[in-house]
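K.L.:
So here's data.cif, just mmCIF, C-alpha atoms:
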data_coords
loop_
_atom_site.label_atom_id
_atom_site.label_comp_id
_atom_site.auth_asym_id
_atom_site.auth_seq_id
_atom_site.Cartn_x
_atom_site.Cartn_y
_atom_site.Cartn_z
CA MET M 1 131.13 18.04 56.59
CA GLY M 2 127.67 19.17 57.67
CA ILE M 3 126.82 19.88 61.28
CA ASP M 4 124.29 17.94 63.32
CA THR M 5 121.55 20.55 63.66
CA VAL M 6 119.48 18.29 65.92
CA LEU M 7 122.35 18.03 68.41
CA TRP M 8 122.94 21.78 68.35
CA SER M 9 119.20 22.40 68.77
CA ARG M 10 119.26 20.20 71.86
CA LEU M 11 122.30 22.05 73.19
CA VAL M 12 120.75 25.49 72.66
CA THR M 13 117.53 24.53 74.42
CA GLY M 14 119.29 22.60 77.17
CA LEU M 15 121.56 25.58 77.86
CA THR M 16 118.64 27.99 78.04
CA LEU M 17 116.44 25.76 80.19
CA GLY M 18 119.33 24.90 82.50
CA PHE M 19 120.03 28.59 83.10
CA HIS M 20 116.40 29.73 83.19
CA VAL M 21 115.25 27.10 85.69
CA ILE M 22 117.50 28.67 88.36
CA PHE M 23 115.74 32.02 88.14
CA ALA M 24 112.33 30.50 87.47
CA THR M 25 112.63 28.46 90.67
CA ILE M 26 113.64 31.54 92.66
CA GLY M 27 110.80 33.46 91.01
CA VAL M 28 108.24 30.92 92.15
CA GLY M 29 109.68 29.95 95.53
CA VAL M 30 110.89 33.18 97.14
CA PRO M 31 107.62 35.22 97.02
CA LEU M 32 105.99 32.75 99.42
CA MET M 33 108.97 33.11 101.79
CA ILE M 34 108.60 36.89 101.68
CA ALA M 35 104.90 36.60 102.51
CA ILE M 36 105.59 34.22 105.41
CA ALA M 37 108.30 36.45 106.86
CA GLU M 38 106.19 39.62 106.72
CA LEU M 39 103.22 37.83 108.27
CA MET M 40 105.45 36.58 111.10
CA GLY M 41 106.72 40.13 111.64
CA ILE M 42 103.18 41.47 111.93
CA ARG M 43 101.89 38.71 114.21
CA LYS M 44 104.93 38.65 116.50
CA LYS M 45 105.51 42.42 116.30
CA ASP M 46 109.11 41.52 115.54
CA PRO M 47 111.07 43.83 113.20
CA HIS M 48 113.55 41.07 112.39
CA TYR M 49 110.97 39.23 110.31
CA THR M 50 109.82 42.43 108.62
CA LEU M 51 113.42 43.17 107.70
CA MET M 52 113.73 39.67 106.23
CA ALA M 53 110.76 40.31 103.96
CA LYS M 54 112.15 43.67 102.89
CA ARG M 55 115.66 42.42 102.13
CA TRP M 56 114.48 39.27 100.39
CA ALA M 57 112.14 41.34 98.22
CA ARG M 58 115.05 43.51 97.08
CA GLY M 59 117.08 40.50 96.00
CA PHE M 60 114.04 38.89 94.42
CA VAL M 61 113.60 41.83 92.03
CA ILE M 62 117.06 41.20 90.56
CA SER M 63 116.26 37.53 89.91
CA VAL M 64 112.96 38.52 88.27
CA ALA M 65 114.80 40.83 85.87
CA VAL M 66 117.13 38.03 84.77
CA GLY M 67 114.24 35.57 84.58
CA VAL M 68 112.41 37.86 82.17
CA VAL M 69 115.33 37.74 79.74
CA THR M 70 115.78 33.97 79.91
CA GLY M 71 112.03 33.36 79.68
CA THR M 72 111.87 35.53 76.58
CA ALA M 73 114.77 33.55 75.13
CA ILE M 74 112.80 30.31 75.53
CA SER M 75 109.83 31.74 73.65
CA LEU M 76 112.14 32.93 70.89
CA GLN M 77 113.84 29.56 70.64
CA LEU M 78 110.58 27.67 70.26
CA ALA M 79 110.07 29.42 66.94
CA LEU M 80 113.70 29.51 65.79
CA VAL M 81 114.98 26.12 66.94
CA TRP M 82 111.84 23.96 66.89
CA PRO M 83 109.79 25.37 63.96
CA ASN M 84 108.15 22.06 63.02
CA PHE M 85 106.97 21.51 66.58
CA MET M 86 105.40 24.96 66.67
CA LYS M 87 103.80 24.36 63.27
CA LEU M 88 102.14 21.22 64.59
CA ALA M 89 101.35 22.17 68.19
CA GLY M 90 101.45 25.97 68.21
CA ASN M 91 97.67 26.33 68.10
CA VAL M 92 97.36 23.99 71.10
CA ILE M 93 99.95 25.52 73.44
CA ALA M 94 99.26 29.17 72.50
CA LEU M 95 96.73 29.62 75.33
CA PRO M 96 98.94 28.47 78.25
CA LEU M 97 101.89 30.43 76.84
CA PHE M 98 99.74 33.57 76.71
CA MET M 99 98.36 32.92 80.19
CA GLU M 100 101.88 32.47 81.54
CA VAL M 101 102.80 35.92 80.27
CA PHE M 102 99.59 37.35 81.75
CA ALA M 103 100.38 35.75 85.13
CA PHE M 104 103.86 37.25 85.06
CA PHE M 105 102.58 40.78 84.38
CA PHE M 106 99.96 40.30 87.10
CA GLU M 107 102.76 39.42 89.51
CA ALA M 108 105.01 42.25 88.33
CA ILE M 109 102.33 44.91 88.80
CA PHE M 110 101.67 43.94 92.39
CA LEU M 111 105.39 43.47 93.08
CA GLY M 112 105.97 47.10 92.11
CA ILE M 113 103.12 48.26 94.34
CA TYR M 114 104.45 46.08 97.18
CA LEU M 115 107.99 47.47 96.98
CA TYR M 116 106.92 51.12 97.04
CA THR M 117 104.21 50.99 99.70
CA TRP M 118 106.04 49.65 102.74
CA ASP M 119 105.15 52.60 104.97
CA ARG M 120 101.97 53.79 103.23
CA PHE M 121 99.34 51.92 105.25
CA LYS M 122 98.32 52.38 108.85
CA LYS M 123 97.40 48.70 109.10
CA PRO M 124 100.34 46.46 108.19
CA TYR M 125 98.04 43.64 107.11
CA ILE M 126 96.98 45.73 104.11
CA HIS M 127 100.55 45.79 102.86
CA TRP M 128 100.92 42.08 103.55
CA LEU M 129 97.81 41.36 101.45
CA LEU M 130 99.77 42.59 98.43
CA THR M 131 101.93 39.48 98.70
CA ILE M 132 98.94 37.26 97.87
CA PRO M 133 98.69 38.28 94.17
CA ILE M 134 102.49 38.16 93.94
CA VAL M 135 102.61 34.59 95.25
CA ALA M 136 99.58 33.64 93.13
CA GLY M 137 101.01 35.22 89.97
CA ALA M 138 104.37 33.51 90.43
CA GLY M 139 102.70 30.17 91.11
CA MET M 140 100.33 30.47 88.16
CA SER M 141 103.24 31.27 85.84
CA ALA M 142 104.72 27.92 86.85
CA VAL M 143 101.36 26.19 86.48
CA PHE M 144 100.70 27.46 82.96
CA ILE M 145 104.17 26.70 81.61
CA THR M 146 104.12 23.28 83.27
CA THR M 147 100.87 22.43 81.49
CA VAL M 148 102.78 22.85 78.22
CA ASN M 149 105.37 20.35 79.39
CA GLY M 150 102.55 18.08 80.54
CA PHE M 151 100.99 18.29 77.07
CA MET M 152 104.30 17.30 75.49
CA ASN M 153 104.28 14.19 77.68
CA GLN M 154 100.56 13.42 77.37
CA PRO M 155 99.15 15.09 74.23
CA GLU M 156 95.38 15.50 74.62
CA GLY M 157 92.63 17.91 73.59
CA PHE M 158 92.65 17.61 69.81
CA ALA M 159 91.81 15.38 66.86
CA MET M 160 94.40 14.30 64.27
CA SER M 161 93.46 14.93 60.64
CA GLY M 162 95.79 15.05 57.65
CA GLY M 163 98.85 15.19 59.83
CA GLN M 164 97.52 18.29 61.63
CA PHE M 165 95.88 18.89 65.02
CA THR M 166 92.24 19.85 64.51
CA ALA M 167 89.19 20.39 66.73
CA VAL M 168 91.58 21.75 69.36
CA ASN M 169 90.30 22.14 72.92
CA PRO M 170 93.11 24.16 74.57
CA VAL M 171 91.63 23.83 78.08
CA GLN M 172 91.51 20.05 77.79
CA ALA M 173 95.06 20.13 76.43
CA MET M 174 96.17 22.15 79.46
CA LEU M 175 94.36 19.86 81.90
CA ASN M 176 96.00 16.77 80.43
CA THR M 177 96.64 13.62 82.44
CA ALA M 178 100.20 14.69 83.28
CA THR M 179 99.31 18.17 84.56
CA PHE M 180 98.42 17.44 88.19
CA SER M 181 101.49 15.36 89.04
CA LYS M 182 103.85 17.72 87.21
CA VAL M 183 102.41 20.91 88.74
CA PHE M 184 102.46 19.37 92.23
CA HIS M 185 106.10 18.36 91.80
CA VAL M 186 107.20 21.68 90.25
CA LEU M 187 105.55 23.87 92.90
CA SER M 188 106.63 21.79 95.88
CA SER M 189 110.23 21.65 94.65
CA ALA M 190 110.27 25.42 93.94
CA TYR M 191 109.05 26.27 97.45
CA LEU M 192 111.47 23.74 98.94
CA THR M 193 114.36 25.24 96.96
CA GLY M 194 113.40 28.83 97.79
CA ALA M 195 113.39 28.01 101.51
CA ALA M 196 116.65 26.03 101.25
CA LEU M 197 118.29 28.99 99.48
CA LEU M 198 117.35 31.49 102.19
CA ALA M 199 118.18 29.03 104.98
CA GLY M 200 121.57 28.44 103.38
CA ILE M 201 122.26 32.18 103.20
CA ALA M 202 121.37 32.54 106.90
CA ALA M 203 123.56 29.55 107.84
CA PHE M 204 126.48 30.96 105.82
CA ALA M 205 126.10 34.34 107.57
CA LEU M 206 126.14 32.65 110.99
CA LEU M 207 129.29 30.75 110.05
CA LYS M 208 131.02 33.86 108.75
CA LYS M 209 129.85 36.55 111.18
CA GLY M 210 128.87 34.63 114.29
CA ALA M 211 125.69 34.90 116.36
CA SER M 212 123.01 37.21 114.99
CA GLU M 213 119.37 37.23 116.09
CA TYR M 214 118.28 38.19 112.59
CA HIS M 215 120.01 35.24 110.95
CA LYS M 216 119.05 32.81 113.73
CA LYS M 217 115.37 33.67 113.26
CA ALA M 218 115.67 33.52 109.47
CA LEU M 219 117.33 30.12 109.71
CA LYS M 220 114.70 28.65 112.03
CA LEU M 221 111.81 30.01 109.97
CA MET M 222 113.18 28.73 106.67
CA MET M 223 114.15 25.33 108.06
CA ALA M 224 110.55 24.88 109.16
CA VAL M 225 109.45 25.64 105.59
CA VAL M 226 112.10 23.23 104.23
CA MET M 227 110.67 20.48 106.41
CA VAL M 228 107.06 21.12 105.33
CA PHE M 229 107.81 21.30 101.61
CA GLY M 230 110.37 18.51 101.86
CA LEU M 231 107.55 16.23 103.00
CA LEU M 232 105.21 17.57 100.31
CA ASN M 233 107.91 17.10 97.68
CA ALA M 234 108.34 13.47 98.73
CA LEU M 235 104.58 13.03 98.36
CA ALA M 236 104.74 14.71 94.93
CA GLY M 237 107.45 12.24 93.92
CA ASP M 238 105.20 9.37 94.92
CA VAL M 239 102.32 10.83 92.87
CA SER M 240 104.67 11.22 89.89
CA ALA M 241 105.88 7.62 90.17
CA LYS M 242 102.30 6.33 90.08
CA PHE M 243 101.54 8.54 87.08
CA LEU M 244 104.58 7.20 85.21
CA ALA M 245 103.72 3.59 86.04
CA GLU M 246 100.30 4.01 84.46
CA HIS M 247 100.91 6.43 81.60
CA GLN M 248 104.66 6.42 80.80
CA PRO M 249 105.90 2.99 81.90
CA GLU M 250 108.94 3.17 79.63
CA LYS M 251 110.19 6.27 81.48
CA LEU M 252 109.81 4.63 84.88
CA ALA M 253 111.41 1.41 83.64
CA ALA M 254 114.42 3.30 82.27
CA ALA M 255 114.81 5.25 85.51
CA GLU M 256 114.80 2.02 87.52
CA TRP M 257 116.71 -0.18 85.05
CA HIS M 258 113.72 -2.47 85.12
CA PHE M 259 114.08 -4.49 81.92
CA GLU M 260 111.73 -7.45 82.36
CA THR M 261 108.03 -7.23 83.21
CA GLU M 262 107.47 -8.85 86.59
CA SER M 263 105.35 -8.81 89.70
CA GLY M 264 106.88 -7.74 93.00
CA ALA M 265 109.55 -5.65 91.25
CA ASP M 266 112.56 -4.46 93.24
CA LEU M 267 113.59 -0.82 93.56
CA ILE M 268 117.13 -0.42 92.25
CA LEU M 269 119.36 2.27 93.74
CA LEU M 270 122.74 3.31 92.28
CA GLY M 271 124.81 0.60 90.56
CA TRP M 272 126.04 0.39 86.97
CA LEU M 273 125.37 -1.64 83.82
CA ASN M 274 127.69 -3.98 81.96
CA ALA M 275 127.67 -4.57 78.20
CA GLU M 276 124.81 -7.08 78.54
CA HIS M 277 122.69 -4.58 80.49
CA GLU M 278 123.10 -6.53 83.70
CA VAL M 279 122.83 -4.37 86.82
CA LEU M 280 125.95 -4.52 88.99
CA GLY M 281 126.77 -3.03 92.39
CA ALA M 282 123.23 -1.76 92.99
CA LEU M 283 121.13 -1.81 96.14
CA HIS M 284 117.95 -3.83 95.58
CA ILE M 285 114.98 -3.13 97.85
CA PRO M 286 112.59 -6.08 97.42
CA LYS M 287 109.17 -5.33 95.91
CA LEU M 288 109.41 -1.59 96.63
CA LEU M 289 109.12 -0.53 92.97
CA SER M 290 105.80 -2.36 92.70
CA PHE M 291 104.58 -0.61 95.83
CA LEU M 292 105.74 2.86 94.71
CA ALA M 293 104.21 2.34 91.27
CA PHE M 294 100.85 0.88 92.25
CA GLY M 295 100.56 0.82 96.05
CA ASP M 296 100.80 -2.98 95.97
CA PHE M 297 103.96 -4.93 96.76
CA ASN M 298 102.96 -7.69 94.33
CA ALA M 299 101.79 -5.50 91.42
CA GLU M 300 103.15 -6.14 87.94
CA VAL M 301 105.53 -3.47 86.61
CA THR M 302 106.12 -3.24 82.86
CA GLY M 303 109.73 -3.80 81.79
CA LEU M 304 111.68 -1.67 79.33
CA ASN M 305 112.13 -4.60 76.93
CA GLU M 306 108.41 -4.39 76.14
CA PHE M 307 109.05 -1.24 74.09
CA PRO M 308 110.77 -0.86 70.70
CA LEU M 309 114.46 -0.13 71.05
CA ASP M 310 114.16 3.17 69.18
CA GLU M 311 111.47 4.38 71.62
CA GLN M 312 113.38 3.65 74.81
CA PRO M 313 114.73 6.59 76.85
CA PRO M 314 118.51 6.74 77.45
CA LEU M 315 119.48 4.59 80.43
CA LEU M 316 121.53 7.35 82.05
CA VAL M 317 118.23 8.75 83.39
CA HIS M 318 118.65 6.19 86.20
CA TYR M 319 121.47 8.28 87.66
CA LEU M 320 119.50 11.51 87.25
CA PHE M 321 116.50 9.96 89.01
CA ASP M 322 118.55 8.58 91.91
CA LEU M 323 120.48 11.80 92.44
CA MET M 324 117.32 13.93 92.26
CA ALA M 325 115.57 11.78 94.87
CA GLY M 326 118.74 11.72 96.96
CA VAL M 327 118.88 15.52 97.05
CA GLY M 328 115.25 15.76 98.15
CA PHE M 329 115.67 13.30 101.01
CA THR M 330 118.97 14.90 102.04
CA LEU M 331 117.32 18.30 102.43
CA LEU M 332 114.47 16.73 104.37
CA GLY M 333 116.95 14.86 106.60
CA ILE M 334 118.91 18.04 107.34
CA SER M 335 115.72 19.83 108.40
CA PHE M 336 114.75 16.98 110.73
CA LEU M 337 118.25 16.99 112.23
CA TYR M 338 118.09 20.75 112.76
CA PHE M 339 114.82 20.57 114.72
CA LEU M 340 116.03 17.52 116.63
CA PHE M 341 118.90 19.69 117.83
CA VAL M 342 116.51 22.59 118.56
CA PHE M 343 114.42 20.48 120.93
CA TRP M 344 117.30 18.38 122.25
CA LYS M 345 118.76 20.85 124.73
CA LYS M 346 122.10 19.05 124.98
CA ARG M 347 122.72 19.80 121.32
CA ASN M 348 123.37 23.10 119.59
CA GLU M 349 121.46 23.65 116.35
CA HIS M 350 124.01 26.32 115.44
CA ASN M 351 127.05 24.08 115.56
CA LYS M 352 129.41 24.51 112.65
CA TRP M 353 128.87 21.11 111.05
CA LEU M 354 125.11 21.48 110.91
CA LEU M 355 125.37 25.06 109.63
CA ARG M 356 127.75 23.88 106.92
CA ALA M 357 125.29 21.17 105.89
CA ILE M 358 122.46 23.73 105.71
CA ALA M 359 124.63 26.17 103.73
CA LEU M 360 125.55 23.42 101.26
CA GLY M 361 121.86 22.54 101.03
CA ALA M 362 121.20 25.76 99.08
CA PRO M 363 123.25 24.92 95.96
CA LEU M 364 122.32 21.24 96.41
CA ALA M 365 118.62 22.15 96.12
CA PHE M 366 119.24 23.83 92.75
CA VAL M 367 121.23 20.80 91.62
CA GLY M 368 118.18 18.69 92.50
CA VAL M 369 115.92 20.94 90.42
CA GLU M 370 118.27 20.75 87.44
CA LEU M 371 118.50 16.97 87.73
CA GLY M 372 114.72 16.74 87.91
CA TRP M 373 114.23 18.72 84.72
CA PHE M 374 116.93 16.82 82.86
CA TYR M 375 115.27 13.58 83.93
CA ALA M 376 111.87 14.87 82.82
CA GLU M 377 113.15 15.88 79.37
CA LEU M 378 115.56 13.03 78.67
CA GLY M 379 113.07 10.52 79.99
CA ARG M 380 110.60 11.58 77.27
CA GLN M 381 113.10 10.85 74.49
CA PRO M 382 113.00 10.21 71.60
CA TRP M 383 109.76 12.24 71.57
CA ILE M 384 109.33 15.99 71.70
CA LEU M 385 105.58 15.35 71.54
CA ARG M 386 105.07 11.86 72.88
CA GLY M 387 103.61 9.54 70.28
CA TYR M 388 103.26 12.22 67.59
CA MET M 389 106.59 13.90 66.83
CA ARG M 390 110.18 12.87 67.43
CA VAL M 391 112.90 15.35 68.34
CA GLU M 392 114.73 15.02 65.03
CA GLU M 393 111.49 15.79 63.18
CA ALA M 394 110.93 18.98 65.16
CA ALA M 395 114.39 20.55 65.03
CA THR M 396 115.53 23.24 62.65
CA THR M 397 117.74 22.32 59.69
CA SER M 398 119.51 25.70 59.67
CA PRO M 399 123.27 25.52 60.35
CA SER M 400 122.97 28.92 62.05
CA VAL M 401 121.75 27.12 65.17
CA ARG M 402 125.39 26.55 66.10
CA ILE M 403 126.03 30.30 66.13
CA LEU M 404 122.87 30.74 68.18
CA PHE M 405 124.30 28.47 70.87
CA PHE M 406 127.37 30.64 71.41
CA VAL M 407 125.34 33.86 71.30
CA PHE M 408 123.10 32.62 74.11
CA LEU M 409 126.07 31.20 76.01
CA LEU M 410 127.70 34.65 76.07
CA LEU M 411 124.38 36.24 77.05
CA TYR M 412 123.95 33.91 80.03
CA ILE M 413 127.53 34.38 81.19
CA LEU M 414 126.96 38.14 81.11
CA LEU M 415 123.60 37.93 82.88
CA GLY M 416 124.91 35.56 85.55
CA THR M 417 127.95 37.73 86.23
CA VAL M 418 125.94 40.95 86.47
CA CYS M 419 123.35 39.29 88.71
CA VAL M 420 125.99 38.04 91.16
CA LEU M 421 127.82 41.38 91.23
CA VAL M 422 124.63 43.39 91.81
CA LEU M 423 123.40 41.11 94.59
CA ARG M 424 126.82 41.07 96.23
CA ARG M 425 127.05 44.86 96.17
CA MET M 426 123.45 45.25 97.32
CA PHE M 427 123.84 43.14 100.46
CA LYS M 428 127.55 43.14 101.29
CA ASN M 429 127.61 46.92 101.68
CA ASN M 430 124.41 46.91 103.71
CA PRO M 431 124.39 43.89 106.06
CA ALA M 432 121.25 43.04 108.02
CA GLU M 433 122.84 43.97 111.34
CA THR M 434 123.62 47.49 110.11
CA GLU M 435 120.12 47.95 108.74
CA MET M 436 118.66 46.69 112.02
CA GLU M 437 120.72 49.22 113.98
CA LYS M 438 119.41 52.04 111.80
CA TRP M 439 115.87 50.89 112.54
CA ASN M 440 116.61 50.87 116.27
CA GLN M 441 118.03 54.38 116.07
CA HIS M 442 115.03 55.65 114.03
CA PRO M 443 112.05 53.58 115.16
CA GLY M 444 109.60 55.88 113.42
CA ASP M 445 111.04 54.82 110.04
CA LYS M 446 110.18 51.16 110.41
CA THR M 447 108.08 49.82 107.61
CA THR M 448 105.29 48.47 109.79
CA VAL M 449 102.80 50.09 112.11
CA LYS M 450 104.68 53.01 113.58
CA GLY M 451 105.35 52.49 117.23
CA GLU M 452 104.42 48.81 117.39
CA HIS M 453 107.88 47.48 116.68
CA ALA M 454 109.51 50.29 118.58
CA LYS M 455 108.09 49.06 121.89
#
Turn this file's structure into structure tokens for me.
P.N.:
Amino acid sequence: MGIDTVLWSRLVTGLTLGFHVIFATIGVGVPLMIAIAELMGIRKKDPHYTLMAKRWARGFVISVAVGVVTGTAISLQLALVWPNFMKLAGNVIALPLFMEVFAFFFEAIFLGIYLYTWDRFKKPYIHWLLTIPIVAGAGMSAVFITTVNGFMNQPEGFAMSGGQFTAVNPVQAMLNTATFSKVFHVLSSAYLTGAALLAGIAAFALLKKGASEYHKKALKLMMAVVMVFGLLNALAGDVSAKFLAEHQPEKLAAAEWHFETESGADLILLGWLNAEHEVLGALHIPKLLSFLAFGDFNAEVTGLNEFPLDEQPPLLVHYLFDLMAGVGFTLLGISFLYFLFVFWKKRNEHNKWLLRAIALGAPLAFVGVELGWFYAELGRQPWILRGYMRVEEAATTSPSVRILFFVFLLLYILLGTVCVLVLRRMFKNNPAETEMEKWNQHPGDKTTVKGEHAK
């Protein structure tokens, strides 16, 4: 009995993307947090913030190392697992793939300079300026790779001749209709997740070790960033919904279990489907889907039944969409609650229940990112290149793809285990409080303007 190479191709790529997106999100989100913390340390002349930047940068380097391996694996798999896709679209996506690598090396060069020049400048702002190319390089890596995904959703920038893409304009292909909404959503969610991760670590430390000025300041700073990017992420979701309504109505319809074209369409939350595709047990919000899709409560929203059955995305994307949105609003709600308690003097923003919620927000944010990417990819099905190539046409026919799955599975288990052990050893044996005490005992060694933080 032969194996289903298409299924195994999906599994290999899904495994790699699911693992890589964790480190890619950290790689994009955390550099901005490092830059914010160091800037706060300089402006406030507060060594706690400077120490945050220094410690976060150390941990960030480990995630970058793992991200390099998983990113390389994705490039390898494009050729091995999806050879027909690369044969058709390789000359279109080559430029953004190259630019993504260039952006990474740009970031890596300045990251190395940043790490080894903490006490080399008389003016601390000079060292802080090094964070700008790091943040820019990390962000541009995400931008370039996201344009490839945008192209797969909205193929543009070429002419079709003899079953091949000709007259290719790679810049137009990169700046496709899907690019803006996807880049906005990817960047805002990465910064939100990076802040939620560091806030969660601070909250966990406060729960485990008790009051610490370092962790209190880290928590407050990162919760402010969570609130800002939580709002921006909600806006990005709205932009994405309007894009889908206009350009990928079948994806929006599947996500909302909206089967019949109608005006004043309801937004459907949760629920389940019976055998006749009737929605049961769901919460219906009248006319809200029309408003989210077109900014008009009475606008007409295209139903899923308008599309051929073999071109409809799987209906399980409804759950992915609801859970992804739920995670985003939960993180935003926790940040609002935290600052309500900060300004409401009768409440304690460091109470155990709130700290537990913030700590749980860190893994929850990564769950939201994973759900978002699974929704993005499954919602494009059955296409790998929408309108031009189906997934089964793009996949390899080699039975060796099954072996490849287990090889990469073992690799990711090894990488994940090593990453956790190294980070645990790096920070458990050198807690922030101990490092702060050393700074207080040797003020001349502080990695900012000598004497300023010693006052």
K.L.:
On this structure, which residues satisfy the PyMOL selection byres ((chain M and resi 294-306) around 9), written as a ChimeraX atom specification?
P.N.:
/M:241-242,245-246,249-254,257-265,286-293,307-309,312
K.L.:
Which residue, M:Thr131, M:Ser63, M:Gln172, M:Thr70, has the smallest gap to Leu409 (chain M) when you use only C-alpha atoms?
P.N.:
M:Thr70
K.L.:
When you look at Leu385 (chain M) with a cut-off of 6 Å (counting all atoms listed in the file), what residues show up, excluding the ones that are within fewer than 3 positions of it in the same chain? I need them as a PDB file with C-alpha atoms, keeping the file's coordinate frame.
P.N.:
ATOM      1  CA  MET M 152     104.300  17.300  75.490  1.00  0.00           C
ATOM      2  CA  TYR M 388     103.260  12.220  67.590  1.00  0.00           C
ATOM      3  CA  MET M 389     106.590  13.900  66.830  1.00  0.00           C
TER       4      MET M 389
END
K.L.:
Would you kindly translate the PyMOL selection byres ((chain M and resi 32-46) around 9) into the concrete residues it picks from this file, as a ChimeraX atom specification?
P.N.:
/M:28-31,47-57,124-125,128-132,134-135,191,194-195,198,218,221-222,225,448-449,452-453
K.L.:
So that I can see what lies close to region 343-356 of chain M, please list as a ChimeraX atom specification the residues with an atom at most 10 Å from it, counting all atoms listed in the file and leaving out residues fewer than 5 positions away in the same chain.
P.N.:
/M:199-200,202-207,210-211,216,219-220,334-335,337-338,361
K.L.:
Determine, counting only C-alpha atoms, every residue of protein, DNA or RNA that lies within 8 Å of (122.0, 4.6, 81.7) in the file coordinates, then give the result as an MDAnalysis selection string.
P.N.:
chainID M and resid 254 257 272:273 314:319
K.L.:
Suppose a student applies the PyMOL selection byres ((chain M and resi 4-9) around 6) to this structure; what residues should they get, written as an MDAnalysis selection string?
P.N.:
chainID M and resid 3 10:12 81 392 395 397 402
